[in-house]
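File shown: input-v2.cif (mmCIF, C-alpha atoms).
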```
data_my_file
loop_
_atom_site.group_PDB
_atom_site.id
_atom_site.type_symbol
_atom_site.label_atom_id
_atom_site.label_comp_id
_atom_site.auth_asym_id
_atom_site.auth_seq_id
_atom_site.Cartn_x
_atom_site.Cartn_y
_atom_site.Cartn_z
ATOM 1 C CA MET A 1 -9.141 35.907 7.580
ATOM 2 C CA TYR A 2 -5.539 35.032 8.568
ATOM 3 C CA ARG A 3 -6.709 33.709 11.946
ATOM 4 C CA GLN A 4 -9.403 31.610 10.231
ATOM 5 C CA LYS A 5 -6.906 30.081 7.799
ATOM 6 C CA LYS A 6 -4.516 29.375 10.626
ATOM 7 C CA GLN A 7 -7.286 27.590 12.579
ATOM 8 C CA GLN A 8 -8.257 25.546 9.506
ATOM 9 C CA ARG A 9 -4.650 24.521 8.956
ATOM 10 C CA SER A 10 -4.288 23.530 12.593
ATOM 11 C CA MET A 11 -7.349 21.300 12.389
ATOM 12 C CA THR A 12 -6.060 19.683 9.181
ATOM 13 C CA LEU A 13 -2.702 18.970 10.775
ATOM 14 C CA THR A 14 -4.351 17.421 13.821
ATOM 15 C CA VAL A 15 -6.542 15.160 11.731
ATOM 16 C CA ALA A 16 -3.758 14.100 9.361
ATOM 17 C CA ALA A 17 -1.356 13.420 12.196
ATOM 18 C CA ALA A 18 -4.022 11.384 13.932
ATOM 19 C CA VAL A 19 -4.748 9.383 10.811
ATOM 20 C CA ALA A 20 -1.068 8.584 10.574
ATOM 21 C CA LEU A 21 -1.334 6.895 13.949
ATOM 22 C CA VAL A 22 -3.290 4.064 12.398
ATOM 23 C CA PRO A 23 -0.181 2.599 10.692
ATOM 24 C CA LEU A 24 0.876 1.255 14.047
ATOM 25 C CA ALA A 25 -1.332 -1.660 13.227
ATOM 26 C CA ALA A 26 -0.198 -2.058 9.632
ATOM 27 C CA ALA A 27 2.493 -3.531 7.457
ATOM 28 C CA CYS A 28 4.980 -3.950 4.667
ATOM 29 C CA GLY A 29 3.295 -5.362 1.581
ATOM 30 C CA SER A 30 5.767 -7.682 -0.112
ATOM 31 C CA GLU A 31 7.489 -9.601 2.667
ATOM 32 C CA LYS A 32 5.778 -11.358 5.553
ATOM 33 C CA ALA A 33 6.994 -10.599 9.045
ATOM 34 C CA ASP A 34 8.829 -13.450 10.738
ATOM 35 C CA GLY A 35 7.097 -13.225 14.080
ATOM 36 C CA GLY A 36 9.916 -11.354 15.819
ATOM 37 C CA SER A 37 8.766 -7.815 15.103
ATOM 38 C CA GLY A 38 5.763 -7.368 17.340
ATOM 39 C CA SER A 39 2.429 -9.126 17.523
ATOM 40 C CA VAL A 40 -1.239 -8.538 18.214
ATOM 41 C CA GLY A 41 -3.219 -10.959 20.319
ATOM 42 C CA ALA A 42 -2.320 -14.602 19.851
ATOM 43 C CA GLY A 43 0.809 -14.134 17.789
ATOM 44 C CA LYS A 44 -0.869 -12.062 15.082
ATOM 45 C CA PRO A 45 1.666 -9.810 13.323
ATOM 46 C CA LEU A 46 1.595 -6.027 13.475
ATOM 47 C CA THR A 47 3.986 -5.843 10.541
ATOM 48 C CA GLY A 48 3.657 -7.614 7.228
ATOM 49 C CA VAL A 49 -0.024 -6.680 6.829
ATOM 50 C CA GLN A 50 -1.834 -4.080 4.751
ATOM 51 C CA TRP A 51 -4.947 -2.937 6.633
ATOM 52 C CA SER A 52 -8.091 -1.297 5.294
ATOM 53 C CA ILE A 53 -9.662 1.224 7.678
ATOM 54 C CA ASP A 54 -13.312 0.201 8.024
ATOM 55 C CA SER A 55 -14.704 2.673 10.564
ATOM 56 C CA VAL A 56 -14.093 4.800 13.633
ATOM 57 C CA THR A 57 -16.481 4.927 16.588
ATOM 58 C CA VAL A 58 -16.474 7.899 18.990
ATOM 59 C CA ASP A 59 -18.994 8.411 21.829
ATOM 60 C CA GLY A 60 -21.145 5.634 20.402
ATOM 61 C CA THR A 61 -21.329 7.129 16.891
ATOM 62 C CA THR A 62 -19.749 5.116 14.054
ATOM 63 C CA HIS A 63 -18.268 6.835 10.990
ATOM 64 C CA ARG A 64 -17.592 4.679 7.938
ATOM 65 C CA ALA A 65 -14.213 5.093 6.241
ATOM 66 C CA PRO A 66 -13.746 5.803 2.529
ATOM 67 C CA GLU A 67 -12.949 2.715 0.482
ATOM 68 C CA ALA A 68 -9.335 3.766 -0.145
ATOM 69 C CA ALA A 69 -8.472 4.426 3.522
ATOM 70 C CA ARG A 70 -5.621 2.117 4.518
ATOM 71 C CA VAL A 71 -2.496 1.799 6.644
ATOM 72 C CA ARG A 72 0.701 -0.242 6.736
ATOM 73 C CA ILE A 73 3.933 -0.465 8.718
ATOM 74 C CA ASP A 74 7.237 -2.132 7.883
ATOM 75 C CA ASP A 75 9.499 -4.111 10.188
ATOM 76 C CA SER A 76 11.647 -1.067 10.992
ATOM 77 C CA GLY A 77 8.618 0.839 12.316
ATOM 78 C CA GLU A 78 8.134 3.175 9.340
ATOM 79 C CA ALA A 79 4.415 3.655 8.754
ATOM 80 C CA ALA A 80 2.539 4.908 5.690
ATOM 81 C CA GLY A 81 -1.014 5.025 4.439
ATOM 82 C CA SER A 82 -3.974 7.055 3.240
ATOM 83 C CA THR A 83 -7.157 8.490 4.738
ATOM 84 C CA GLY A 84 -8.865 8.017 1.395
ATOM 85 C CA CYS A 85 -7.768 11.553 0.563
ATOM 86 C CA ASN A 86 -4.496 12.505 2.264
ATOM 87 C CA THR A 87 -1.411 10.322 2.405
ATOM 88 C CA PHE A 88 0.850 10.110 5.426
ATOM 89 C CA SER A 89 4.032 8.639 6.838
ATOM 90 C CA ALA A 90 5.206 8.325 10.429
ATOM 91 C CA ARG A 91 7.396 6.497 12.893
ATOM 92 C CA ALA A 92 5.447 3.693 14.584
ATOM 93 C CA ASP A 93 6.536 2.305 17.953
ATOM 94 C CA ILE A 94 5.214 -1.016 19.219
ATOM 95 C CA ASP A 95 5.163 -1.881 22.922
ATOM 96 C CA GLY A 96 3.563 -5.261 23.484
ATOM 97 C CA GLU A 97 -0.090 -4.889 22.524
ATOM 98 C CA ARG A 98 0.026 -1.089 22.399
ATOM 99 C CA VAL A 99 0.981 1.174 19.521
ATOM 100 C CA ARG A 100 2.123 4.797 19.263
ATOM 101 C CA LEU A 101 3.119 7.212 16.466
ATOM 102 C CA SER A 102 5.721 9.986 16.235
ATOM 103 C CA ASP A 103 7.230 12.327 13.597
ATOM 104 C CA ALA A 104 4.142 12.249 11.375
ATOM 105 C CA MET A 105 4.281 13.850 7.924
ATOM 106 C CA PHE A 106 1.208 14.176 5.722
ATOM 107 C CA THR A 107 -0.480 15.970 2.857
ATOM 108 C CA GLU A 108 -3.226 18.560 3.385
ATOM 109 C CA LYS A 109 -5.656 18.129 0.510
ATOM 110 C CA ALA A 110 -9.393 18.675 0.793
ATOM 111 C CA CYS A 111 -11.411 15.907 -0.883
ATOM 112 C CA GLU A 112 -15.169 15.834 -1.399
ATOM 113 C CA LYS A 113 -15.363 12.025 -1.077
ATOM 114 C CA THR A 114 -13.681 11.932 2.343
ATOM 115 C CA PRO A 115 -16.252 12.975 5.001
ATOM 116 C CA ILE A 116 -14.888 15.570 7.396
ATOM 117 C CA ASP A 117 -16.721 13.857 10.268
ATOM 118 C CA PHE A 118 -14.728 10.701 9.598
ATOM 119 C CA GLU A 119 -11.371 12.493 9.639
ATOM 120 C CA LYS A 120 -12.252 14.537 12.722
ATOM 121 C CA SER A 121 -13.454 11.464 14.616
ATOM 122 C CA LEU A 122 -10.410 9.491 13.572
ATOM 123 C CA GLY A 123 -8.186 12.323 14.725
ATOM 124 C CA ARG A 124 -9.887 12.500 18.112
ATOM 125 C CA THR A 125 -9.641 8.732 18.579
ATOM 126 C CA LEU A 126 -6.003 8.326 17.637
ATOM 127 C CA THR A 127 -4.509 11.286 19.475
ATOM 128 C CA THR A 128 -5.650 10.377 22.987
ATOM 129 C CA GLY A 129 -2.652 8.203 23.800
ATOM 130 C CA PRO A 130 -1.506 4.610 23.311
ATOM 131 C CA LEU A 131 -3.966 2.328 21.564
ATOM 132 C CA THR A 132 -4.675 -1.219 22.684
ATOM 133 C CA THR A 133 -4.805 -3.769 19.850
ATOM 134 C CA LYS A 134 -7.028 -6.815 19.421
ATOM 135 C CA THR A 135 -7.404 -9.207 16.496
ATOM 136 C CA GLU A 136 -10.283 -11.484 15.550
ATOM 137 C CA GLY A 137 -9.487 -13.503 12.447
ATOM 138 C CA GLU A 138 -8.648 -11.034 9.678
ATOM 139 C CA ARG A 139 -9.866 -8.017 11.667
ATOM 140 C CA LEU A 140 -8.026 -5.620 13.960
ATOM 141 C CA THR A 141 -9.454 -3.201 16.530
ATOM 142 C CA LEU A 142 -7.569 -0.264 18.058
ATOM 143 C CA THR A 143 -9.098 0.995 21.313
ATOM 144 C CA THR A 144 -8.441 4.108 23.391
ATOM 145 C CA SER A 145 -8.561 4.213 27.179
ATOM 146 C CA ASP A 146 -12.018 5.865 26.857
ATOM 147 C CA GLY A 147 -13.364 2.994 24.746
ATOM 148 C CA ASP A 148 -13.397 4.717 21.353
ATOM 149 C CA THR A 149 -12.325 2.388 18.536
ATOM 150 C CA VAL A 150 -10.857 2.185 15.052
ATOM 151 C CA ARG A 151 -11.765 -0.987 13.183
ATOM 152 C CA LEU A 152 -9.617 -2.380 10.382
ATOM 153 C CA SER A 153 -9.514 -5.497 8.216
ATOM 154 C CA LYS A 154 -6.772 -7.229 6.307
ATOM 155 C CA GLN A 155 -6.822 -6.433 2.609
ATOM 156 C CA PRO A 156 -7.176 -9.495 0.365
ATOM 157 C CA ASP A 157 -4.531 -10.311 -2.225
ATOM 158 C CA ALA A 158 -4.942 -8.398 -5.464
ATOM 159 C CA PRO A 159 -5.864 -10.669 -8.416
ATOM 160 C CA LEU A 160 -3.133 -11.439 -10.928
ATOM 161 C CA TYR A 161 -5.489 -10.946 -13.853
ATOM 162 C CA GLY A 162 -6.944 -7.557 -14.651
ATOM 163 C CA THR A 163 -4.774 -5.668 -12.156
ATOM 164 C CA ARG A 164 -2.489 -2.954 -13.459
ATOM 165 C CA TRP A 165 0.841 -3.732 -11.778
ATOM 166 C CA THR A 166 3.271 -0.819 -11.398
ATOM 167 C CA VAL A 167 6.724 -2.294 -11.861
ATOM 168 C CA THR A 168 9.895 -1.500 -9.952
ATOM 169 C CA ALA A 169 12.752 -2.566 -12.176
ATOM 170 C CA PRO A 170 15.927 -4.039 -10.656
ATOM 171 C CA GLY A 171 18.490 -1.304 -10.115
ATOM 172 C CA GLN A 172 15.994 1.567 -10.146
ATOM 173 C CA LYS A 173 14.278 3.428 -7.328
ATOM 174 C CA ASP A 174 10.498 3.299 -6.939
ATOM 175 C CA ALA A 175 10.256 7.028 -7.639
ATOM 176 C CA ASP A 176 11.944 6.565 -11.019
ATOM 177 C CA GLN A 177 9.454 3.866 -12.023
ATOM 178 C CA LYS A 178 6.132 5.073 -10.640
ATOM 179 C CA GLY A 179 3.594 5.736 -13.340
ATOM 180 C CA SER A 180 5.842 4.528 -16.163
ATOM 181 C CA ALA A 181 6.556 0.786 -16.100
ATOM 182 C CA HIS A 182 3.459 -1.381 -15.679
ATOM 183 C CA LEU A 183 2.075 -4.785 -16.704
ATOM 184 C CA THR A 184 -1.452 -6.226 -16.977
ATOM 185 C CA PHE A 185 -2.258 -9.933 -17.358
ATOM 186 C CA ASP A 186 -5.316 -10.936 -19.423
ATOM 187 C CA ARG A 187 -6.822 -14.328 -18.510
ATOM 188 C CA ASP A 188 -9.004 -14.718 -21.615
ATOM 189 C CA ALA A 189 -6.375 -13.639 -24.138
ATOM 190 C CA LYS A 190 -3.563 -15.404 -22.224
ATOM 191 C CA THR A 191 -1.327 -12.393 -22.685
ATOM 192 C CA VAL A 192 0.578 -9.802 -20.695
ATOM 193 C CA SER A 193 0.913 -6.242 -21.952
ATOM 194 C CA GLY A 194 2.019 -2.879 -20.722
ATOM 195 C CA ARG A 195 4.903 -0.494 -20.660
ATOM 196 C CA LEU A 196 8.541 -1.016 -19.757
ATOM 197 C CA PRO A 197 10.719 1.876 -18.530
ATOM 198 C CA CYS A 198 11.065 2.927 -22.180
ATOM 199 C CA ASN A 199 9.064 0.780 -24.618
ATOM 200 C CA ARG A 200 5.654 -0.839 -24.727
ATOM 201 C CA VAL A 201 5.535 -4.640 -24.569
ATOM 202 C CA ASN A 202 3.190 -7.571 -25.056
ATOM 203 C CA ALA A 203 3.668 -11.336 -24.966
ATOM 204 C CA ALA A 204 1.846 -14.608 -24.470
ATOM 205 C CA ALA A 205 1.332 -15.535 -20.813
ATOM 206 C CA THR A 206 -0.084 -18.770 -19.406
ATOM 207 C CA VAL A 207 -0.362 -19.639 -15.716
ATOM 208 C CA SER A 208 -0.077 -23.106 -14.200
ATOM 209 C CA ASP A 209 1.010 -24.504 -10.822
ATOM 210 C CA GLY A 210 2.347 -21.200 -9.473
ATOM 211 C CA LEU A 211 4.371 -20.519 -12.614
ATOM 212 C CA ILE A 212 3.829 -18.108 -15.493
ATOM 213 C CA THR A 213 5.161 -19.119 -18.903
ATOM 214 C CA LEU A 214 5.963 -15.948 -20.827
ATOM 215 C CA GLY A 215 6.454 -15.929 -24.579
ATOM 216 C CA ALA A 216 8.997 -13.949 -26.543
ATOM 217 C CA PRO A 217 8.297 -10.224 -26.017
ATOM 218 C CA SER A 218 7.113 -7.933 -28.775
ATOM 219 C CA THR A 219 8.213 -4.353 -28.077
ATOM 220 C CA THR A 220 8.304 -0.947 -29.671
ATOM 221 C CA ARG A 221 11.718 0.338 -30.777
ATOM 222 C CA MET A 222 12.258 3.553 -28.849
ATOM 223 C CA VAL A 223 15.704 4.368 -27.434
ATOM 224 C CA CYS A 224 15.759 6.111 -24.053
ATOM 225 C CA GLU A 225 18.306 7.337 -21.523
ATOM 226 C CA GLY A 226 20.853 4.720 -20.479
ATOM 227 C CA SER A 227 19.536 3.852 -17.009
ATOM 228 C CA LEU A 228 16.033 3.327 -18.391
ATOM 229 C CA MET A 229 17.324 0.991 -21.071
ATOM 230 C CA ASP A 230 19.351 -0.945 -18.493
ATOM 231 C CA ALA A 231 16.270 -1.359 -16.304
ATOM 232 C CA GLU A 232 14.230 -2.418 -19.311
ATOM 233 C CA LYS A 233 16.754 -5.119 -20.235
ATOM 234 C CA ARG A 234 16.515 -6.541 -16.719
ATOM 235 C CA ILE A 235 12.736 -6.780 -16.908
ATOM 236 C CA LEU A 236 12.938 -8.414 -20.340
ATOM 237 C CA ARG A 237 14.950 -11.256 -18.767
ATOM 238 C CA LEU A 238 11.629 -12.500 -17.403
ATOM 239 C CA PHE A 239 10.296 -13.163 -20.889
ATOM 240 C CA ASP A 240 10.655 -16.169 -23.169
ATOM 241 C CA GLY A 241 10.700 -18.583 -20.237
ATOM 242 C CA ARG A 242 9.008 -19.587 -16.990
ATOM 243 C CA VAL A 243 8.810 -17.341 -13.936
ATOM 244 C CA ASP A 244 7.717 -18.073 -10.403
ATOM 245 C CA TYR A 245 5.126 -15.620 -9.099
ATOM 246 C CA ARG A 246 3.862 -14.716 -5.637
ATOM 247 C CA ILE A 247 1.180 -12.219 -4.614
ATOM 248 C CA ASP A 248 1.229 -10.763 -1.121
ATOM 249 C CA GLN A 249 -1.752 -8.410 -0.795
ATOM 250 C CA GLU A 250 -0.781 -5.561 -3.169
ATOM 251 C CA THR A 251 2.680 -6.790 -4.169
ATOM 252 C CA LEU A 252 3.493 -9.142 -7.045
ATOM 253 C CA THR A 253 6.944 -10.772 -7.087
ATOM 254 C CA LEU A 254 8.203 -12.355 -10.311
ATOM 255 C CA THR A 255 11.365 -14.484 -10.318
ATOM 256 C CA SER A 256 12.888 -15.940 -13.478
ATOM 257 C CA GLU A 257 14.796 -19.201 -13.773
ATOM 258 C CA ASP A 258 18.089 -17.287 -13.825
ATOM 259 C CA GLY A 259 17.211 -15.563 -10.523
ATOM 260 C CA THR A 260 16.117 -12.167 -11.871
ATOM 261 C CA THR A 261 13.491 -10.741 -9.484
ATOM 262 C CA VAL A 262 11.041 -7.984 -10.344
ATOM 263 C CA ARG A 263 8.429 -6.582 -7.960
ATOM 264 C CA ALA A 264 5.268 -4.720 -8.829
ATOM 265 C CA VAL A 265 2.526 -3.037 -6.815
ATOM 266 C CA ALA A 266 -1.184 -3.101 -7.632
ATOM 267 C CA GLU A 267 -2.468 0.310 -8.649
ATOM 268 C CA ARG A 268 -5.494 1.527 -6.693
#
```

Structure encoded using C-alpha coordinates:
Amino acid sequence: MYRQKKQQRSMTLTVAAAVALVPLAAACGSEKADGGSGSVGAGKPLTGVQWSIDSVTVDGTTHRAPEAARVRIDDSGEAAGSTGCNTFSARADIDGERVRLSDAMFTEKACEKTPIDFEKSLGRTLTTGPLTTKTEGERLTLTTSDGDTVRLSKQPDAPLYGTRWTVTAPGQKDADQKGSAHLTFDRDAKTVSGRLPCNRVNAAATVSDGLITLGAPSTTRMVCEGSLMDAEKRILRLFDGRVDYRIDQETLTLTSEDGTTVRAVAER
(Lines of atoms letter the chains of each structure in order from A and count residues from 1; the text may use other names and numbers.)
(Lines give C-alpha, C1' and ligand atoms only; values in the text may rest on other atoms or scores of the structure.)
Protein backbone atom coordinates (compact mmCIF):
# COMPACT_ATOMS: atom_id res chain seq x y z
CA MET A 1 0.00 0.00 0.00
CA TYR A 2 2.81 2.46 0.88
CA ARG A 3 4.62 1.67 -2.39
CA GLN A 4 1.38 2.18 -4.35
CA LYS A 5 0.74 5.57 -2.73
CA LYS A 6 4.31 6.59 -3.36
CA GLN A 7 3.97 5.66 -7.06
CA GLN A 8 0.69 7.58 -7.34
CA ARG A 9 2.27 10.65 -5.76
CA SER A 10 5.24 10.43 -8.10
CA MET A 11 2.96 10.34 -11.14
CA THR A 12 0.97 13.33 -9.84
CA LEU A 13 4.14 15.33 -9.30
CA THR A 14 5.37 14.53 -12.80
CA VAL A 15 2.11 15.58 -14.40
CA ALA A 16 1.75 18.77 -12.35
CA ALA A 17 5.34 19.78 -12.96
CA ALA A 18 4.86 19.16 -16.65
CA VAL A 19 1.69 21.21 -16.75
CA ALA A 20 3.59 24.05 -15.14
CA LEU A 21 5.88 24.07 -18.15
CA VAL A 22 3.12 25.51 -20.28
CA PRO A 23 3.42 28.97 -18.66
CA LEU A 24 6.54 29.52 -20.71
CA ALA A 25 4.19 30.64 -23.41
CA ALA A 26 1.96 32.75 -21.19
CA ALA A 27 1.64 36.13 -19.56
CA CYS A 28 0.86 38.80 -17.04
CA GLY A 29 -2.78 39.84 -17.29
CA SER A 30 -2.95 43.56 -16.59
CA GLU A 31 0.02 45.11 -18.35
CA LYS A 32 1.06 44.48 -21.94
CA ALA A 33 4.65 43.51 -22.59
CA ASP A 34 6.71 46.17 -24.34
CA GLY A 35 8.36 43.91 -26.87
CA GLY A 36 11.66 43.63 -25.01
CA SER A 37 10.88 40.56 -22.93
CA GLY A 38 10.92 37.74 -25.43
CA SER A 39 8.85 37.01 -28.50
CA VAL A 40 7.29 34.19 -30.48
CA GLY A 41 7.47 34.14 -34.24
CA ALA A 42 7.15 37.52 -35.91
CA GLY A 43 7.44 39.68 -32.82
CA LYS A 44 4.57 38.02 -30.97
CA PRO A 45 4.98 38.41 -27.19
CA LEU A 46 5.55 35.52 -24.82
CA THR A 47 4.67 37.74 -21.87
CA GLY A 48 1.62 39.91 -21.50
CA VAL A 49 -0.77 37.18 -22.69
CA GLN A 50 -3.15 34.85 -20.88
CA TRP A 51 -3.36 31.56 -22.80
CA SER A 52 -6.08 28.92 -22.74
CA ILE A 53 -4.79 25.36 -23.18
CA ASP A 54 -6.82 23.85 -26.02
CA SER A 55 -5.31 20.39 -26.47
CA VAL A 56 -2.24 18.19 -26.33
CA THR A 57 -1.30 15.74 -29.08
CA VAL A 58 1.00 12.77 -28.36
CA ASP A 59 1.82 9.99 -30.87
CA GLY A 60 -0.96 11.24 -33.13
CA THR A 61 -3.65 11.15 -30.43
CA THR A 62 -5.23 14.48 -29.42
CA HIS A 63 -6.55 15.06 -25.89
CA ARG A 64 -8.85 18.04 -25.36
CA ALA A 65 -8.13 20.27 -22.37
CA PRO A 66 -10.70 21.21 -19.72
CA GLU A 67 -12.26 24.62 -20.26
CA ALA A 68 -10.46 26.17 -17.27
CA ALA A 69 -6.96 25.02 -18.26
CA ARG A 70 -4.77 28.10 -18.75
CA VAL A 71 -1.27 29.49 -18.35
CA ARG A 72 0.44 32.86 -18.00
CA ILE A 73 3.90 34.30 -17.41
CA ASP A 74 4.99 37.76 -16.28
CA ASP A 75 7.90 39.82 -17.54
CA SER A 76 10.22 38.57 -14.78
CA GLY A 77 9.72 34.95 -15.87
CA GLU A 78 7.38 33.89 -13.05
CA ALA A 79 4.76 31.52 -14.46
CA ALA A 80 1.38 30.47 -13.07
CA GLY A 81 -1.71 28.69 -14.28
CA SER A 82 -4.16 25.82 -13.93
CA THR A 83 -4.67 22.40 -15.50
CA GLY A 84 -8.40 22.81 -15.01
CA CYS A 85 -7.95 21.10 -11.65
CA ASN A 86 -4.52 21.78 -10.12
CA THR A 87 -2.86 25.18 -9.95
CA PHE A 88 0.85 25.70 -10.42
CA SER A 89 3.67 28.22 -10.39
CA ALA A 90 7.17 27.99 -11.82
CA ARG A 91 10.19 29.85 -13.11
CA ALA A 92 10.00 30.24 -16.89
CA ASP A 93 13.14 30.83 -18.96
CA ILE A 94 12.92 32.10 -22.52
CA ASP A 95 15.71 31.53 -25.04
CA GLY A 96 14.76 32.91 -28.43
CA GLU A 97 11.87 30.78 -29.68
CA ARG A 98 12.34 28.08 -27.05
CA VAL A 99 10.93 27.89 -23.55
CA ARG A 100 11.88 25.96 -20.40
CA LEU A 101 10.57 25.65 -16.82
CA SER A 102 12.30 25.21 -13.45
CA ASP A 103 11.41 25.21 -9.72
CA ALA A 104 7.81 24.15 -10.31
CA MET A 105 5.36 24.16 -7.39
CA PHE A 106 1.83 22.81 -7.70
CA THR A 107 -1.21 21.40 -5.96
CA GLU A 108 -2.08 17.69 -6.02
CA LYS A 109 -5.87 17.49 -6.14
CA ALA A 110 -7.79 14.79 -7.97
CA CYS A 111 -10.69 16.19 -10.02
CA GLU A 112 -13.34 14.19 -11.85
CA LYS A 113 -13.70 16.80 -14.63
CA THR A 114 -10.00 16.76 -15.55
CA PRO A 115 -9.29 13.62 -17.64
CA ILE A 116 -6.24 11.74 -16.43
CA ASP A 117 -5.28 11.00 -20.05
CA PHE A 118 -5.04 14.73 -20.69
CA GLU A 119 -2.77 15.37 -17.70
CA LYS A 120 -0.58 12.35 -18.44
CA SER A 121 -0.20 13.31 -22.10
CA LEU A 122 0.52 16.91 -21.20
CA GLY A 123 3.13 15.75 -18.72
CA ARG A 124 4.83 13.53 -21.28
CA THR A 125 4.85 16.32 -23.87
CA LEU A 126 6.22 19.07 -21.67
CA THR A 127 8.95 17.17 -19.86
CA THR A 128 10.94 16.04 -22.90
CA GLY A 129 13.08 19.16 -23.12
CA PRO A 130 12.90 22.66 -24.61
CA LEU A 131 9.75 23.46 -26.54
CA THR A 132 9.75 25.31 -29.85
CA THR A 133 7.09 28.03 -30.13
CA LYS A 134 5.03 29.11 -33.12
CA THR A 135 2.17 31.60 -33.39
CA GLU A 136 -0.59 31.89 -35.97
CA GLY A 137 -2.84 34.85 -35.25
CA GLU A 138 -4.21 34.40 -31.73
CA ARG A 139 -2.96 30.81 -31.44
CA LEU A 140 0.27 29.38 -30.05
CA THR A 141 1.77 25.93 -30.57
CA LEU A 142 4.49 24.37 -28.40
CA THR A 143 6.33 21.50 -30.09
CA THR A 144 8.77 18.91 -28.76
CA SER A 145 11.72 17.55 -30.72
CA ASP A 146 9.62 14.39 -31.35
CA GLY A 147 6.77 16.40 -32.88
CA ASP A 148 4.29 16.19 -30.00
CA THR A 149 2.39 19.45 -29.49
CA VAL A 150 0.47 21.58 -27.02
CA ARG A 151 -1.97 23.99 -28.63
CA LEU A 152 -3.09 27.19 -26.93
CA SER A 153 -5.16 30.25 -27.80
CA LYS A 154 -5.27 33.77 -26.46
CA GLN A 155 -8.12 34.33 -24.04
CA PRO A 156 -10.52 37.11 -25.09
CA ASP A 157 -11.10 40.11 -22.84
CA ALA A 158 -13.66 39.49 -20.12
CA PRO A 159 -16.85 41.57 -20.59
CA LEU A 160 -17.32 44.56 -18.31
CA TYR A 161 -20.97 43.74 -17.75
CA GLY A 162 -22.03 40.62 -15.90
CA THR A 163 -18.51 39.70 -14.76
CA ARG A 164 -17.83 39.46 -11.06
CA TRP A 165 -14.61 41.46 -10.62
CA THR A 166 -12.48 40.62 -7.58
CA VAL A 167 -10.99 43.90 -6.43
CA THR A 168 -7.49 44.57 -5.16
CA ALA A 169 -7.69 47.76 -3.15
CA PRO A 170 -4.79 50.24 -3.18
CA GLY A 171 -2.47 49.55 -0.26
CA GLN A 172 -3.61 45.96 0.28
CA LYS A 173 -2.15 42.66 -0.89
CA ASP A 174 -4.11 40.40 -3.24
CA ALA A 175 -4.32 37.72 -0.55
CA ASP A 176 -6.05 40.14 1.82
CA GLN A 177 -8.68 41.00 -0.80
CA LYS A 178 -9.41 37.70 -2.53
CA GLY A 179 -12.97 36.57 -2.08
CA SER A 180 -14.03 39.70 -0.18
CA ALA A 181 -14.05 42.87 -2.29
CA HIS A 182 -15.84 42.52 -5.62
CA LEU A 183 -17.92 44.55 -8.09
CA THR A 184 -20.43 43.62 -10.82
CA PHE A 185 -21.70 46.02 -13.50
CA ASP A 186 -25.29 45.62 -14.76
CA ARG A 187 -25.91 46.95 -18.29
CA ASP A 188 -29.72 46.94 -18.13
CA ALA A 189 -30.01 48.50 -14.67
CA LYS A 190 -27.05 50.86 -15.30
CA THR A 191 -25.69 50.09 -11.85
CA VAL A 192 -22.64 48.66 -10.14
CA SER A 193 -22.97 46.62 -6.96
CA GLY A 194 -20.89 44.39 -4.78
CA ARG A 195 -18.81 44.31 -1.67
CA LEU A 196 -16.00 46.55 -0.50
CA PRO A 197 -13.35 45.30 1.96
CA CYS A 198 -15.90 45.90 4.73
CA ASN A 199 -19.31 47.09 3.49
CA ARG A 200 -21.64 46.31 0.62
CA VAL A 201 -22.08 49.00 -2.03
CA ASN A 202 -24.25 49.95 -4.99
CA ALA A 203 -24.39 52.99 -7.25
CA ALA A 204 -25.51 54.18 -10.66
CA ALA A 205 -23.04 53.39 -13.44
CA THR A 206 -23.19 54.50 -17.08
CA VAL A 207 -20.54 53.80 -19.71
CA SER A 208 -19.63 56.05 -22.63
CA ASP A 209 -16.49 56.65 -24.71
CA GLY A 210 -14.19 54.56 -22.50
CA LEU A 211 -15.38 56.25 -19.32
CA ILE A 212 -17.67 55.07 -16.53
CA THR A 213 -19.71 57.70 -14.71
CA LEU A 214 -20.35 56.44 -11.18
CA GLY A 215 -23.03 57.91 -8.96
CA ALA A 216 -22.81 58.58 -5.25
CA PRO A 217 -22.32 55.23 -3.45
CA SER A 218 -24.91 53.72 -1.16
CA THR A 219 -23.23 51.49 1.44
CA THR A 220 -23.99 49.54 4.56
CA ARG A 221 -22.67 50.95 7.84
CA MET A 222 -20.40 48.27 9.25
CA VAL A 223 -17.12 49.25 10.93
CA CYS A 224 -14.17 46.91 10.36
CA GLU A 225 -10.49 46.69 11.24
CA GLY A 226 -8.49 49.80 10.37
CA SER A 227 -6.64 48.55 7.28
CA LEU A 228 -9.89 47.32 5.74
CA MET A 229 -11.55 50.67 6.29
CA ASP A 230 -8.56 52.47 4.79
CA ALA A 231 -8.71 50.26 1.70
CA GLU A 232 -12.45 50.80 1.45
CA LYS A 233 -12.03 54.59 1.53
CA ARG A 234 -9.57 54.38 -1.36
CA ILE A 235 -12.00 52.38 -3.48
CA LEU A 236 -14.82 54.82 -2.67
CA ARG A 237 -12.75 57.60 -4.26
CA LEU A 238 -13.81 56.13 -7.60
CA PHE A 239 -17.45 56.95 -6.95
CA ASP A 240 -19.44 60.12 -7.56
CA GLY A 241 -17.40 61.00 -10.64
CA ARG A 242 -15.97 59.70 -13.91
CA VAL A 243 -13.37 56.94 -14.12
CA ASP A 244 -11.32 55.71 -17.03
CA TYR A 245 -11.50 51.94 -17.50
CA ARG A 246 -9.39 49.42 -19.39
CA ILE A 247 -9.85 45.66 -19.74
CA ASP A 248 -6.86 43.49 -20.57
CA GLN A 249 -8.07 39.88 -20.81
CA GLU A 250 -9.00 39.10 -17.18
CA THR A 251 -7.89 42.38 -15.58
CA LEU A 252 -10.00 45.52 -15.19
CA THR A 253 -8.19 48.78 -14.36
CA LEU A 254 -10.20 51.73 -13.05
CA THR A 255 -8.61 55.17 -12.72
CA SER A 256 -10.40 58.16 -11.21
CA GLU A 257 -9.92 61.80 -12.17
CA ASP A 258 -7.75 62.34 -9.08
CA GLY A 259 -5.43 59.49 -10.14
CA THR A 260 -6.71 56.76 -7.80
CA THR A 261 -6.19 53.39 -9.53
CA VAL A 262 -7.97 50.18 -8.60
CA ARG A 263 -7.45 46.83 -10.34
CA ALA A 264 -9.77 43.86 -10.39
CA VAL A 265 -9.59 40.35 -11.82
CA ALA A 266 -12.45 38.47 -13.46
CA GLU A 267 -13.57 35.51 -11.39
CA ARG A 268 -13.66 32.20 -13.25

Discussion item. At a cut-off of 9 Å, using only C-alpha atoms, what residues contact stretch 195-212 of chain A? Leave out same-chain residues fewer than 2 positions from it and give the result as a PyMOL selection string.
Written reply: chain A and resi 167+169+176-177+180-183+185-187+189-193+214-225+228-229+231-232+235-236+239-246+254

Discussion item. If we count all atoms listed in the file and set the cut-off at 7 Å, which residues sit around A:Glu250, ignoring sequence neighbours fewer than 5 positions away in its own chain? Please answer as a PyMOL selection string.
Written reply: chain A and resi 29+157-158+265-266

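Of the residues listed (A:Cys111, A:Leu122, A:Leu46, A:Val58), A:Leu46 shows the shortest atom-to-atom separation from A:Leu140; distances use only C-alpha atoms.
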
Item to complete: Go through the shown structure with the PyMOL selection byres ((chain A and resi 263) around 6) and write out the matching residues as a ChimeraX atom specification.
Response: /A:168,252-253,262,264

Worksheet item: Between atom CA of A:Val56 and atom CA of A:Pro115, what is the spacing in Å?
Response: 12.1 Å
